[in-house]
Amino acid sequence: MDYVRYTSPVNPSIYPHLATILLIIGVSLSAWFFVLPKRQVVFKELCVSLIASVFLGFGVLFLFLSAGIYV
Amino acid sequence: MNFKSSITIFLVFLISLTSCNSIDQEVENKNVDRTIDITSQLVKITYKITLEHKSKKPITNYVFVLPINECNKVSIVTARDAAKKELKLTTSKNSEECAYTMTLSAGSNPVIYVEAVFSKALEPYPVAIPQSERQLVRYFGSAYFYSPYKTLSQKTTIHLASKSVESYTQLKPSSQNDAQIFYGPYENIAPNTKHEIVVHYENNTPFMTITRLERTIEISLWGNVAVEETIDIIHSGALLKGSFSRYDYQKDSRSGPASVKSYKTILPASATGVYYRDINGNISTSAMRILKDSVELDLRPRFPLFGGWRTHYTVGYNVPSFEYLFQSGDNYMLKMRVLDHVFDDMIVDELITKVILPEGSKNIKLVTPYTVERKPDSLHFTYLDITGRPVITFRKTNLVENHINDFNLKFNFSRIMMLQEPLLVVVFFYLIFLFVIIWTRLDFSIIKERESQHLHKD
């Protein structure tokens, strides 16, 4: 088997920038979620919160990585 | 039954016969050059053995033997042939000696280079010294090369740490010149001849033993390998007699010649985020120099180490994964050192190496450069883990610098599993949002909405 050197799927040098951007988007979306008017139909709220949690989730992961917690 | 037992007896007989016959009395050590290096706390002996067969037949195997009192102290024995190719050794031990049998390739020039390193073979004498005294040690050895073969000609050179020699056993012809003692040449020494010699000399080099070294290697597939070493060191030289005077120690830089103020640890060149701390926290009296091919740490414990004093600390660093981790599809291979340099001429009593693999690694295969004691695998739980990370643990005792070598660890890991950690956080956040959505739709007020409006009107 030919082994090649293993590198991370994301370049470690951009971890802090990635964390900042993803977290800003995630927090903004969740802020929007909290000011959405209460309706009978929850579809919009579910969508916004899903996108927000995806951004927040990846943002937190890269925050961990850039802080030196290599999970 | 009878047939079986007779076969076993025959086999045992055959094995004993072959082991007796493995020493060919026709083989002779034509010339032996021994260099005994006792400049540090280790005893490093290099042998250059030129062989000869009486009836000019090719020599197929050779047995290198150590007497039993040296067997317990030997840390590593390596043998090379004339082309500097390493020879494979098979070890056997009985109550009198331990034997290292090597197979020689036919037709090769019958010169063998053997290197043996002994730990704790130097004995401080006197056992305890005051702070200002220099450290004297005794070396016990043999003037003759101990061998199951007849030795035609041999000589020995002992390299000492200093010129000051209290005494050494005389055996003509022997002489001392500066920091060297010469024994020999001696001619026609019969097999298994010993002649004990004692060299009593000054040796102020650091006598430090690492009583326990725990090396933890944590792999992250996000591009990092974290290494942490927890180290217990004891000064294993002459014990300190009387009290320690900090005043005398600071006043005269030559005071406490046998004590250890600081030492150097060499880390890989790519090491980043280095830390050096003990249970109190960071030890600031240390320096780090980044050299071309390594990172050099100048570690200075909180107090100088005198005989019998101990210290305990942790050193850790990160290295990028591309230096040590290799990939082929879903197969991964980690290639790292079993142990790394702590200080020059170190002795490690007990080494425990732990490798923490990513969560979900399977089919783990460990290949070590020498035999180690594999401990049962365990699980390690850290951030964003569900089932725990597999931990491979192995242990070895009595190691020296020559044991610094790579091990290979192969494992399978499907890359999609890397998404498990971020998805865990995503699910966590989504559950909070769902909770909020439901919460805002529940009505916890005691009075109905309309009624409350009526009340306000009143």
# chains A, B, ... in the order shown; residues from 1 in each chain; ligands from 1

call {"tool": "residues_around", "arguments": {"residues": "Ile234 in chain B", "least_positions_apart": "3", "cutoff": "12 Å", "atoms": "only C-alpha atoms", "output": "list of chain:residue names"}}
result
B:Pro206, B:Phe207, B:Met208, B:Thr209, B:Ile210, B:Thr211, B:Arg212, B:Leu213, B:Ile231, B:Gly237, B:Ala238, B:Leu239, B:Ser259, B:Val260, B:Pro301, B:Pro304, B:Leu305, B:Phe306, B:Gly307, B:Gly308, B:Trp309, B:Arg310, B:Thr311, B:His312, B:Tyr313, B:Met346, B:Ile347, B:Val348, B:Asp349

call {"tool": "residues_around", "arguments": {"residues": "range 30-35 of chain A", "least_positions_apart": "3", "cutoff": "9 Å", "atoms": "only C-alpha atoms", "output": "list in words"}}
result
Ile25, Gly26, Val27, Lys38, Glu45, Val48, Ser49, Ile51, Ala52, Ser53 and Leu56 of chain A; Phe433 and Val436 of chain B

call {"tool": "residues_around", "arguments": {"residues": "range 389-406 of chain B", "least_positions_apart": "2", "cutoff": "9 Å", "atoms": "only C-alpha atoms", "output": "ChimeraX atom specification"}}
result
/B:42,73-76,117-119,335-341,343-362,364,366,368-382,385-387,408

call {"tool": "write_last_selection", "arguments": {"atoms": "C-alpha atoms", "output": "CSV table (one decimal), in the first residue's frame"}}
result
chain,number,residue,atom,x,y,z
B,42,LEU,CA,26.2,4.9,31.5
B,73,LYS,CA,22.3,-4.2,34.1
B,74,VAL,CA,22.5,-4.4,30.4
B,75,SER,CA,20.1,-2.2,28.6
B,76,ILE,CA,20.7,-2.9,25.0
B,117,VAL,CA,25.1,-0.2,27.1
B,118,PHE,CA,24.7,-0.8,30.8
B,119,SER,CA,22.7,1.3,33.1
B,335,LYS,CA,5.1,6.5,12.7
B,336,MET,CA,6.5,8.0,15.9
B,337,ARG,CA,9.2,7.5,18.5
B,338,VAL,CA,8.6,5.1,21.3
B,339,LEU,CA,10.5,7.4,23.5
B,340,ASP,CA,12.2,10.7,22.9
B,341,HIS,CA,15.3,12.5,24.2
B,343,PHE,CA,18.6,14.5,28.5
B,344,ASP,CA,21.9,13.2,27.2
B,345,ASP,CA,22.9,9.7,28.4
B,346,MET,CA,19.6,9.2,30.1
B,347,ILE,CA,18.4,6.1,31.9
B,348,VAL,CA,14.7,5.3,31.9
B,349,ASP,CA,13.5,2.8,34.5
B,350,GLU,CA,10.0,2.5,33.3
B,351,LEU,CA,8.4,3.9,30.1
B,352,ILE,CA,4.7,3.9,29.4
B,353,THR,CA,3.7,5.0,26.0
B,354,LYS,CA,0.0,5.7,25.3
B,355,VAL,CA,-1.4,6.5,21.9
B,356,ILE,CA,-4.8,8.0,21.8
B,357,LEU,CA,-6.4,7.4,18.4
B,358,PRO,CA,-9.4,9.2,16.9
B,359,GLU,CA,-12.8,8.0,18.0
B,360,GLY,CA,-14.0,5.2,15.8
B,361,SER,CA,-10.6,3.8,14.8
B,362,LYS,CA,-10.7,0.1,14.0
B,364,ILE,CA,-5.4,-1.4,15.3
B,366,LEU,CA,1.1,-2.1,16.5
B,368,THR,CA,7.5,-1.9,17.7
B,369,PRO,CA,11.2,-1.9,17.0
B,370,TYR,CA,11.8,-4.1,20.0
B,371,THR,CA,9.7,-6.2,22.3
B,372,VAL,CA,7.4,-4.3,24.6
B,373,GLU,CA,4.8,-5.3,27.1
B,374,ARG,CA,1.5,-4.4,25.6
B,375,LYS,CA,-1.1,-3.3,28.1
B,376,PRO,CA,-4.9,-3.8,27.6
B,377,ASP,CA,-6.5,-1.2,25.4
B,378,SER,CA,-8.7,1.3,27.1
B,379,LEU,CA,-10.9,4.3,26.2
B,380,HIS,CA,-10.2,7.9,26.7
B,381,PHE,CA,-13.0,10.5,26.9
B,382,THR,CA,-12.4,14.1,26.0
B,385,ASP,CA,-16.7,12.2,22.4
B,386,ILE,CA,-19.5,9.7,22.6
B,387,THR,CA,-18.0,6.2,22.6
B,408,ASN,CA,4.3,1.9,13.6

call {"tool": "interface_residues", "arguments": {"of": "chain B", "to": "chain A", "cutoff": "10 Å", "atoms": "only C-alpha atoms", "output": "JSON, numbers by chain"}}
result
{"B": [218, 219, 220, 221, 222, 223, 224, 225, 226, 273, 318, 320, 321, 322, 323, 324, 325, 326, 327, 328, 329, 331, 332, 333, 334, 358, 359, 382, 383, 384, 385, 415, 418, 419, 421, 422, 423, 424, 425, 426, 427, 428, 429, 430, 431, 432, 433, 434, 436, 437, 438, 440, 441]}

call {"tool": "write_last_selection", "arguments": {"atoms": "C-alpha atoms", "output": "CSV table (one decimal), in the first residue's frame"}}
result
chain,number,residue,atom,x,y,z
B,218,GLU,CA,-2.9,12.1,21.0
B,219,ILE,CA,-3.9,12.1,17.3
B,220,SER,CA,-6.4,14.5,15.9
B,221,LEU,CA,-7.3,14.1,12.2
B,222,TRP,CA,-7.8,17.9,12.1
B,223,GLY,CA,-4.1,18.1,11.5
B,224,ASN,CA,-2.4,17.8,14.9
B,225,VAL,CA,-0.5,15.3,17.0
B,226,ALA,CA,-0.2,16.3,20.7
B,273,GLY,CA,3.0,25.3,21.8
B,318,ASN,CA,2.1,19.9,19.3
B,320,PRO,CA,1.7,18.8,12.7
B,321,SER,CA,0.2,15.5,11.5
B,322,PHE,CA,1.9,15.4,8.1
B,323,GLU,CA,5.2,14.7,9.7
B,324,TYR,CA,4.1,11.5,11.5
B,325,LEU,CA,0.7,10.4,10.1
B,326,PHE,CA,0.4,8.6,6.7
B,327,GLN,CA,-2.7,7.7,4.8
B,328,SER,CA,-3.8,5.3,2.1
B,329,GLY,CA,-7.6,5.4,1.6
B,331,ASN,CA,-5.9,3.0,6.2
B,332,TYR,CA,-3.8,5.2,8.4
B,333,MET,CA,-0.3,4.7,9.8
B,334,LEU,CA,1.3,6.6,12.6
B,358,PRO,CA,-9.4,9.2,16.9
B,359,GLU,CA,-12.8,8.0,18.0
B,382,THR,CA,-12.4,14.1,26.0
B,383,TYR,CA,-14.2,16.9,24.3
B,384,LEU,CA,-17.1,15.9,21.9
B,385,ASP,CA,-16.7,12.2,22.4
B,415,ARG,CA,-13.2,9.9,7.0
B,418,MET,CA,-14.8,13.3,11.3
B,419,LEU,CA,-18.1,15.0,10.8
B,421,GLU,CA,-17.9,16.0,16.2
B,422,PRO,CA,-19.3,19.1,14.5
B,423,LEU,CA,-22.7,17.4,14.0
B,424,LEU,CA,-22.8,16.7,17.7
B,425,VAL,CA,-22.6,20.5,18.4
B,426,VAL,CA,-25.1,21.2,15.6
B,427,VAL,CA,-27.6,18.8,17.1
B,428,PHE,CA,-27.1,20.4,20.5
B,429,PHE,CA,-27.8,23.9,19.2
B,430,TYR,CA,-30.8,22.7,17.2
B,431,LEU,CA,-32.3,21.1,20.3
B,432,ILE,CA,-32.0,24.4,22.1
B,433,PHE,CA,-33.8,26.2,19.2
B,434,LEU,CA,-36.5,23.5,19.1
B,436,VAL,CA,-37.4,27.7,22.3
B,437,ILE,CA,-39.9,27.2,19.5
B,438,ILE,CA,-42.0,24.9,21.7
B,440,THR,CA,-43.0,30.3,23.0
B,441,ARG,CA,-46.1,28.3,21.9

call {"tool": "atom_distance", "arguments": {"atom1": "CA of Pro67 in chain B", "atom2": "CA of Asn204 in chain B"}}
result
28.1 Å

call {"tool": "select_by_dssp", "arguments": {"residues": "chain A", "states": "helix (DSSP H, G or I)", "output": "PDB file with N, CA, C and O atoms, in the first residue's frame"}}
result
ATOM      1  N   PRO A  12      -4.931  24.147   8.773  1.00  0.00           N
ATOM      2  CA  PRO A  12      -5.008  24.628  10.160  1.00  0.00           C
ATOM      3  C   PRO A  12      -4.772  26.131  10.332  1.00  0.00           C
ATOM      4  O   PRO A  12      -5.238  26.712  11.303  1.00  0.00           O
ATOM      5  N   SER A  13      -4.099  26.769   9.364  1.00  0.00           N
ATOM      6  CA  SER A  13      -3.807  28.191   9.556  1.00  0.00           C
ATOM      7  C   SER A  13      -5.048  29.063   9.401  1.00  0.00           C
ATOM      8  O   SER A  13      -5.060  30.219   9.819  1.00  0.00           O
ATOM      9  N   ILE A  14      -6.123  28.525   8.783  1.00  0.00           N
ATOM     10  CA  ILE A  14      -7.324  29.369   8.627  1.00  0.00           C
ATOM     11  C   ILE A  14      -8.375  29.063   9.687  1.00  0.00           C
ATOM     12  O   ILE A  14      -9.477  29.599   9.643  1.00  0.00           O
ATOM     13  N   TYR A  15      -8.045  28.189  10.668  1.00  0.00           N
ATOM     14  CA  TYR A  15      -9.014  27.860  11.718  1.00  0.00           C
ATOM     15  C   TYR A  15      -9.567  29.096  12.441  1.00  0.00           C
ATOM     16  O   TYR A  15     -10.792  29.231  12.580  1.00  0.00           O
ATOM     17  N   PRO A  16      -8.725  30.049  12.883  1.00  0.00           N
ATOM     18  CA  PRO A  16      -9.286  31.198  13.623  1.00  0.00           C
ATOM     19  C   PRO A  16     -10.229  32.039  12.765  1.00  0.00           C
ATOM     20  O   PRO A  16     -11.306  32.459  13.237  1.00  0.00           O
ATOM     21  N   HIS A  17      -9.853  32.268  11.489  1.00  0.00           N
ATOM     22  CA  HIS A  17     -10.700  33.074  10.601  1.00  0.00           C
ATOM     23  C   HIS A  17     -12.023  32.380  10.339  1.00  0.00           C
ATOM     24  O   HIS A  17     -13.092  32.981  10.379  1.00  0.00           O
ATOM     25  N   LEU A  18     -11.937  31.067  10.085  1.00  0.00           N
ATOM     26  CA  LEU A  18     -13.128  30.284   9.825  1.00  0.00           C
ATOM     27  C   LEU A  18     -14.067  30.326  11.036  1.00  0.00           C
ATOM     28  O   LEU A  18     -15.277  30.512  10.886  1.00  0.00           O
ATOM     29  N   ALA A  19     -13.474  30.195  12.222  1.00  0.00           N
ATOM     30  CA  ALA A  19     -14.275  30.227  13.451  1.00  0.00           C
ATOM     31  C   ALA A  19     -14.991  31.572  13.570  1.00  0.00           C
ATOM     32  O   ALA A  19     -16.199  31.623  13.838  1.00  0.00           O
ATOM     33  N   THR A  20     -14.270  32.675  13.334  1.00  0.00           N
ATOM     34  CA  THR A  20     -14.863  34.019  13.452  1.00  0.00           C
ATOM     35  C   THR A  20     -16.034  34.172  12.490  1.00  0.00           C
ATOM     36  O   THR A  20     -17.142  34.566  12.886  1.00  0.00           O
ATOM     37  N   ILE A  21     -15.813  33.851  11.221  1.00  0.00           N
ATOM     38  CA  ILE A  21     -16.847  34.067  10.207  1.00  0.00           C
ATOM     39  C   ILE A  21     -18.083  33.206  10.489  1.00  0.00           C
ATOM     40  O   ILE A  21     -19.216  33.697  10.520  1.00  0.00           O
ATOM     41  N   LEU A  22     -17.838  31.914  10.733  1.00  0.00           N
ATOM     42  CA  LEU A  22     -18.965  31.010  10.971  1.00  0.00           C
ATOM     43  C   LEU A  22     -19.766  31.429  12.204  1.00  0.00           C
ATOM     44  O   LEU A  22     -21.003  31.393  12.194  1.00  0.00           O
ATOM     45  N   LEU A  23     -19.062  31.847  13.256  1.00  0.00           N
ATOM     46  CA  LEU A  23     -19.763  32.234  14.479  1.00  0.00           C
ATOM     47  C   LEU A  23     -20.545  33.517  14.288  1.00  0.00           C
ATOM     48  O   LEU A  23     -21.668  33.650  14.798  1.00  0.00           O
ATOM     49  N   ILE A  24     -19.975  34.484  13.522  1.00  0.00           N
ATOM     50  CA  ILE A  24     -20.708  35.741  13.269  1.00  0.00           C
ATOM     51  C   ILE A  24     -22.011  35.425  12.534  1.00  0.00           C
ATOM     52  O   ILE A  24     -23.099  35.881  12.924  1.00  0.00           O
ATOM     53  N   ILE A  25     -21.911  34.602  11.471  1.00  0.00           N
ATOM     54  CA  ILE A  25     -23.129  34.247  10.708  1.00  0.00           C
ATOM     55  C   ILE A  25     -24.117  33.510  11.614  1.00  0.00           C
ATOM     56  O   ILE A  25     -25.324  33.801  11.634  1.00  0.00           O
ATOM     57  N   GLY A  26     -23.604  32.557  12.384  1.00  0.00           N
ATOM     58  CA  GLY A  26     -24.465  31.753  13.255  1.00  0.00           C
ATOM     59  C   GLY A  26     -25.185  32.590  14.282  1.00  0.00           C
ATOM     60  O   GLY A  26     -26.399  32.442  14.478  1.00  0.00           O
ATOM     61  N   VAL A  27     -24.448  33.496  14.918  1.00  0.00           N
ATOM     62  CA  VAL A  27     -25.065  34.346  15.949  1.00  0.00           C
ATOM     63  C   VAL A  27     -26.094  35.297  15.323  1.00  0.00           C
ATOM     64  O   VAL A  27     -27.178  35.499  15.868  1.00  0.00           O
ATOM     65  N   SER A  28     -25.756  35.857  14.134  1.00  0.00           N
ATOM     66  CA  SER A  28     -26.709  36.760  13.466  1.00  0.00           C
ATOM     67  C   SER A  28     -28.003  36.021  13.140  1.00  0.00           C
ATOM     68  O   SER A  28     -29.102  36.538  13.372  1.00  0.00           O
ATOM     69  N   LEU A  29     -27.868  34.804  12.593  1.00  0.00           N
ATOM     70  CA  LEU A  29     -29.061  34.031  12.248  1.00  0.00           C
ATOM     71  C   LEU A  29     -29.888  33.702  13.488  1.00  0.00           C
ATOM     72  O   LEU A  29     -31.129  33.776  13.445  1.00  0.00           O
ATOM     73  N   SER A  30     -29.219  33.371  14.578  1.00  0.00           N
ATOM     74  CA  SER A  30     -30.003  33.036  15.769  1.00  0.00           C
ATOM     75  C   SER A  30     -30.645  34.288  16.362  1.00  0.00           C
ATOM     76  O   SER A  30     -31.740  34.214  16.931  1.00  0.00           O
ATOM     77  N   ALA A  31     -29.981  35.446  16.201  1.00  0.00           N
ATOM     78  CA  ALA A  31     -30.603  36.700  16.635  1.00  0.00           C
ATOM     79  C   ALA A  31     -31.871  36.954  15.825  1.00  0.00           C
ATOM     80  O   ALA A  31     -32.920  37.304  16.377  1.00  0.00           O
ATOM     81  N   TRP A  32     -31.775  36.699  14.509  1.00  0.00           N
ATOM     82  CA  TRP A  32     -32.963  36.867  13.636  1.00  0.00           C
ATOM     83  C   TRP A  32     -34.070  35.909  14.058  1.00  0.00           C
ATOM     84  O   TRP A  32     -35.225  36.265  14.118  1.00  0.00           O
ATOM     85  N   PHE A  33     -33.657  34.672  14.386  1.00  0.00           N
ATOM     86  CA  PHE A  33     -34.624  33.663  14.831  1.00  0.00           C
ATOM     87  C   PHE A  33     -35.414  34.154  16.046  1.00  0.00           C
ATOM     88  O   PHE A  33     -36.625  34.003  16.115  1.00  0.00           O
ATOM     89  N   PHE A  34     -34.711  34.800  16.976  1.00  0.00           N
ATOM     90  CA  PHE A  34     -35.387  35.199  18.213  1.00  0.00           C
ATOM     91  C   PHE A  34     -36.343  36.373  18.018  1.00  0.00           C
ATOM     92  O   PHE A  34     -37.231  36.576  18.839  1.00  0.00           O
ATOM     93  N   VAL A  35     -36.147  37.176  16.947  1.00  0.00           N
ATOM     94  CA  VAL A  35     -37.070  38.305  16.722  1.00  0.00           C
ATOM     95  C   VAL A  35     -38.144  37.969  15.700  1.00  0.00           C
ATOM     96  O   VAL A  35     -38.948  38.812  15.351  1.00  0.00           O
ATOM     97  N   PHE A  43     -42.654  26.536  10.070  1.00  0.00           N
ATOM     98  CA  PHE A  43     -41.677  26.108   9.071  1.00  0.00           C
ATOM     99  C   PHE A  43     -40.493  27.066   8.957  1.00  0.00           C
ATOM    100  O   PHE A  43     -39.338  26.646   8.952  1.00  0.00           O
ATOM    101  N   LYS A  44     -40.777  28.359   8.902  1.00  0.00           N
ATOM    102  CA  LYS A  44     -39.693  29.334   8.742  1.00  0.00           C
ATOM    103  C   LYS A  44     -38.750  29.312   9.933  1.00  0.00           C
ATOM    104  O   LYS A  44     -37.535  29.337   9.790  1.00  0.00           O
ATOM    105  N   GLU A  45     -39.339  29.219  11.111  1.00  0.00           N
ATOM    106  CA  GLU A  45     -38.519  29.184  12.318  1.00  0.00           C
ATOM    107  C   GLU A  45     -37.608  27.967  12.328  1.00  0.00           C
ATOM    108  O   GLU A  45     -36.425  28.052  12.649  1.00  0.00           O
ATOM    109  N   LEU A  46     -38.164  26.791  11.942  1.00  0.00           N
ATOM    110  CA  LEU A  46     -37.370  25.564  11.901  1.00  0.00           C
ATOM    111  C   LEU A  46     -36.197  25.705  10.936  1.00  0.00           C
ATOM    112  O   LEU A  46     -35.065  25.299  11.236  1.00  0.00           O
ATOM    113  N   CYS A  47     -36.457  26.311   9.751  1.00  0.00           N
ATOM    114  CA  CYS A  47     -35.409  26.467   8.742  1.00  0.00           C
ATOM    115  C   CYS A  47     -34.309  27.385   9.249  1.00  0.00           C
ATOM    116  O   CYS A  47     -33.122  27.044   9.180  1.00  0.00           O
ATOM    117  N   VAL A  48     -34.704  28.536   9.751  1.00  0.00           N
ATOM    118  CA  VAL A  48     -33.704  29.516  10.215  1.00  0.00           C
ATOM    119  C   VAL A  48     -32.865  28.931  11.343  1.00  0.00           C
ATOM    120  O   VAL A  48     -31.637  29.041  11.351  1.00  0.00           O
ATOM    121  N   SER A  49     -33.545  28.251  12.275  1.00  0.00           N
ATOM    122  CA  SER A  49     -32.795  27.715  13.405  1.00  0.00           C
ATOM    123  C   SER A  49     -31.856  26.584  12.966  1.00  0.00           C
ATOM    124  O   SER A  49     -30.750  26.439  13.500  1.00  0.00           O
ATOM    125  N   LEU A  50     -32.298  25.817  11.953  1.00  0.00           N
ATOM    126  CA  LEU A  50     -31.416  24.745  11.471  1.00  0.00           C
ATOM    127  C   LEU A  50     -30.145  25.327  10.866  1.00  0.00           C
ATOM    128  O   LEU A  50     -29.020  24.903  11.190  1.00  0.00           O
ATOM    129  N   ILE A  51     -30.320  26.337   9.993  1.00  0.00           N
ATOM    130  CA  ILE A  51     -29.128  26.949   9.371  1.00  0.00           C
ATOM    131  C   ILE A  51     -28.247  27.581  10.449  1.00  0.00           C
ATOM    132  O   ILE A  51     -27.026  27.429  10.452  1.00  0.00           O
ATOM    133  N   ALA A  52     -28.892  28.259  11.403  1.00  0.00           N
ATOM    134  CA  ALA A  52     -28.121  28.905  12.475  1.00  0.00           C
ATOM    135  C   ALA A  52     -27.332  27.876  13.259  1.00  0.00           C
ATOM    136  O   ALA A  52     -26.148  28.074  13.563  1.00  0.00           O
ATOM    137  N   SER A  53     -27.954  26.719  13.579  1.00  0.00           N
ATOM    138  CA  SER A  53     -27.232  25.745  14.394  1.00  0.00           C
ATOM    139  C   SER A  53     -26.114  25.074  13.610  1.00  0.00           C
ATOM    140  O   SER A  53     -25.084  24.716  14.192  1.00  0.00           O
ATOM    141  N   VAL A  54     -26.297  24.934  12.288  1.00  0.00           N
ATOM    142  CA  VAL A  54     -25.191  24.387  11.488  1.00  0.00           C
ATOM    143  C   VAL A  54     -23.998  25.348  11.548  1.00  0.00           C
ATOM    144  O   VAL A  54     -22.866  24.943  11.816  1.00  0.00           O
ATOM    145  N   PHE A  55     -24.248  26.632  11.350  1.00  0.00           N
ATOM    146  CA  PHE A  55     -23.143  27.602  11.410  1.00  0.00           C
ATOM    147  C   PHE A  55     -22.516  27.643  12.799  1.00  0.00           C
ATOM    148  O   PHE A  55     -21.307  27.671  12.948  1.00  0.00           O
ATOM    149  N   LEU A  56     -23.383  27.661  13.816  1.00  0.00           N
ATOM    150  CA  LEU A  56     -22.855  27.711  15.190  1.00  0.00           C
ATOM    151  C   LEU A  56     -22.044  26.462  15.505  1.00  0.00           C
ATOM    152  O   LEU A  56     -20.971  26.534  16.103  1.00  0.00           O
ATOM    153  N   GLY A  57     -22.563  25.303  15.090  1.00  0.00           N
ATOM    154  CA  GLY A  57     -21.879  24.035  15.376  1.00  0.00           C
ATOM    155  C   GLY A  57     -20.493  23.993  14.779  1.00  0.00           C
ATOM    156  O   GLY A  57     -19.507  23.728  15.485  1.00  0.00           O
ATOM    157  N   PHE A  58     -20.383  24.286  13.484  1.00  0.00           N
ATOM    158  CA  PHE A  58     -19.062  24.280  12.849  1.00  0.00           C
ATOM    159  C   PHE A  58     -18.191  25.401  13.395  1.00  0.00           C
ATOM    160  O   PHE A  58     -16.981  25.236  13.534  1.00  0.00           O
ATOM    161  N   GLY A  59     -18.824  26.542  13.693  1.00  0.00           N
ATOM    162  CA  GLY A  59     -18.061  27.657  14.274  1.00  0.00           C
ATOM    163  C   GLY A  59     -17.426  27.264  15.594  1.00  0.00           C
ATOM    164  O   GLY A  59     -16.242  27.522  15.833  1.00  0.00           O
ATOM    165  N   VAL A  60     -18.202  26.594  16.440  1.00  0.00           N
ATOM    166  CA  VAL A  60     -17.683  26.171  17.749  1.00  0.00           C
ATOM    167  C   VAL A  60     -16.555  25.151  17.558  1.00  0.00           C
ATOM    168  O   VAL A  60     -15.525  25.203  18.234  1.00  0.00           O
ATOM    169  N   LEU A  61     -16.713  24.244  16.595  1.00  0.00           N
ATOM    170  CA  LEU A  61     -15.667  23.257  16.331  1.00  0.00           C
ATOM    171  C   LEU A  61     -14.351  23.937  15.966  1.00  0.00           C
ATOM    172  O   LEU A  61     -13.295  23.640  16.527  1.00  0.00           O
ATOM    173  N   PHE A  62     -14.439  24.901  15.028  1.00  0.00           N
ATOM    174  CA  PHE A  62     -13.195  25.563  14.613  1.00  0.00           C
ATOM    175  C   PHE A  62     -12.662  26.481  15.707  1.00  0.00           C
ATOM    176  O   PHE A  62     -11.454  26.707  15.779  1.00  0.00           O
ATOM    177  N   LEU A  63     -13.558  26.975  16.555  1.00  0.00           N
ATOM    178  CA  LEU A  63     -13.103  27.750  17.721  1.00  0.00           C
ATOM    179  C   LEU A  63     -12.268  26.848  18.641  1.00  0.00           C
ATOM    180  O   LEU A  63     -11.186  27.226  19.101  1.00  0.00           O
ATOM    181  N   PHE A  64     -12.769  25.649  18.875  1.00  0.00           N
ATOM    182  CA  PHE A  64     -12.032  24.653  19.678  1.00  0.00           C
ATOM    183  C   PHE A  64     -10.655  24.400  19.065  1.00  0.00           C
ATOM    184  O   PHE A  64      -9.635  24.419  19.744  1.00  0.00           O
ATOM    185  N   LEU A  65     -10.668  24.151  17.746  1.00  0.00           N
ATOM    186  CA  LEU A  65      -9.412  23.794  17.072  1.00  0.00           C
ATOM    187  C   LEU A  65      -8.412  24.939  17.129  1.00  0.00           C
ATOM    188  O   LEU A  65      -7.226  24.725  17.367  1.00  0.00           O
ATOM    189  N   SER A  66      -8.922  26.176  16.924  1.00  0.00           N
ATOM    190  CA  SER A  66      -7.988  27.302  16.931  1.00  0.00           C
ATOM    191  C   SER A  66      -7.503  27.612  18.344  1.00  0.00           C
ATOM    192  O   SER A  66      -6.440  28.185  18.533  1.00  0.00           O
TER     193      SER A  66
END

call {"tool": "select_by_dssp", "arguments": {"residues": "range 294-418 of chain B", "states": "strand (DSSP E or B)", "output": "PyMOL selection string"}}
result
chain B and resi 294-299+305+310-320+325-328+331-337+347-356+362-367+373-380+389-400+406-412

call {"tool": "atom_distance", "arguments": {"atom1": "CA of Gly388 in chain B", "atom2": "CA of Phe411 in chain B"}}
result
15.8 Å

call {"tool": "residues_around", "arguments": {"residues": "Asn29 in chain B", "least_positions_apart": "4", "cutoff": "7 Å", "atoms": "only C-alpha atoms", "output": "ChimeraX atom specification"}}
result
/B:49-52,149-152

call {"tool": "atom_distance", "arguments": {"atom1": "CA of Ile59 in chain B", "atom2": "CA of Ile112 in chain B"}}
result
11.8 Å

call {"tool": "residues_around", "arguments": {"residues": "Phe244 in chain B", "least_positions_apart": "4", "cutoff": "9 Å", "atoms": "only C-alpha atoms", "output": "MDAnalysis selection string"}}
result
chainID B and resid 130:131 240 248:249 306
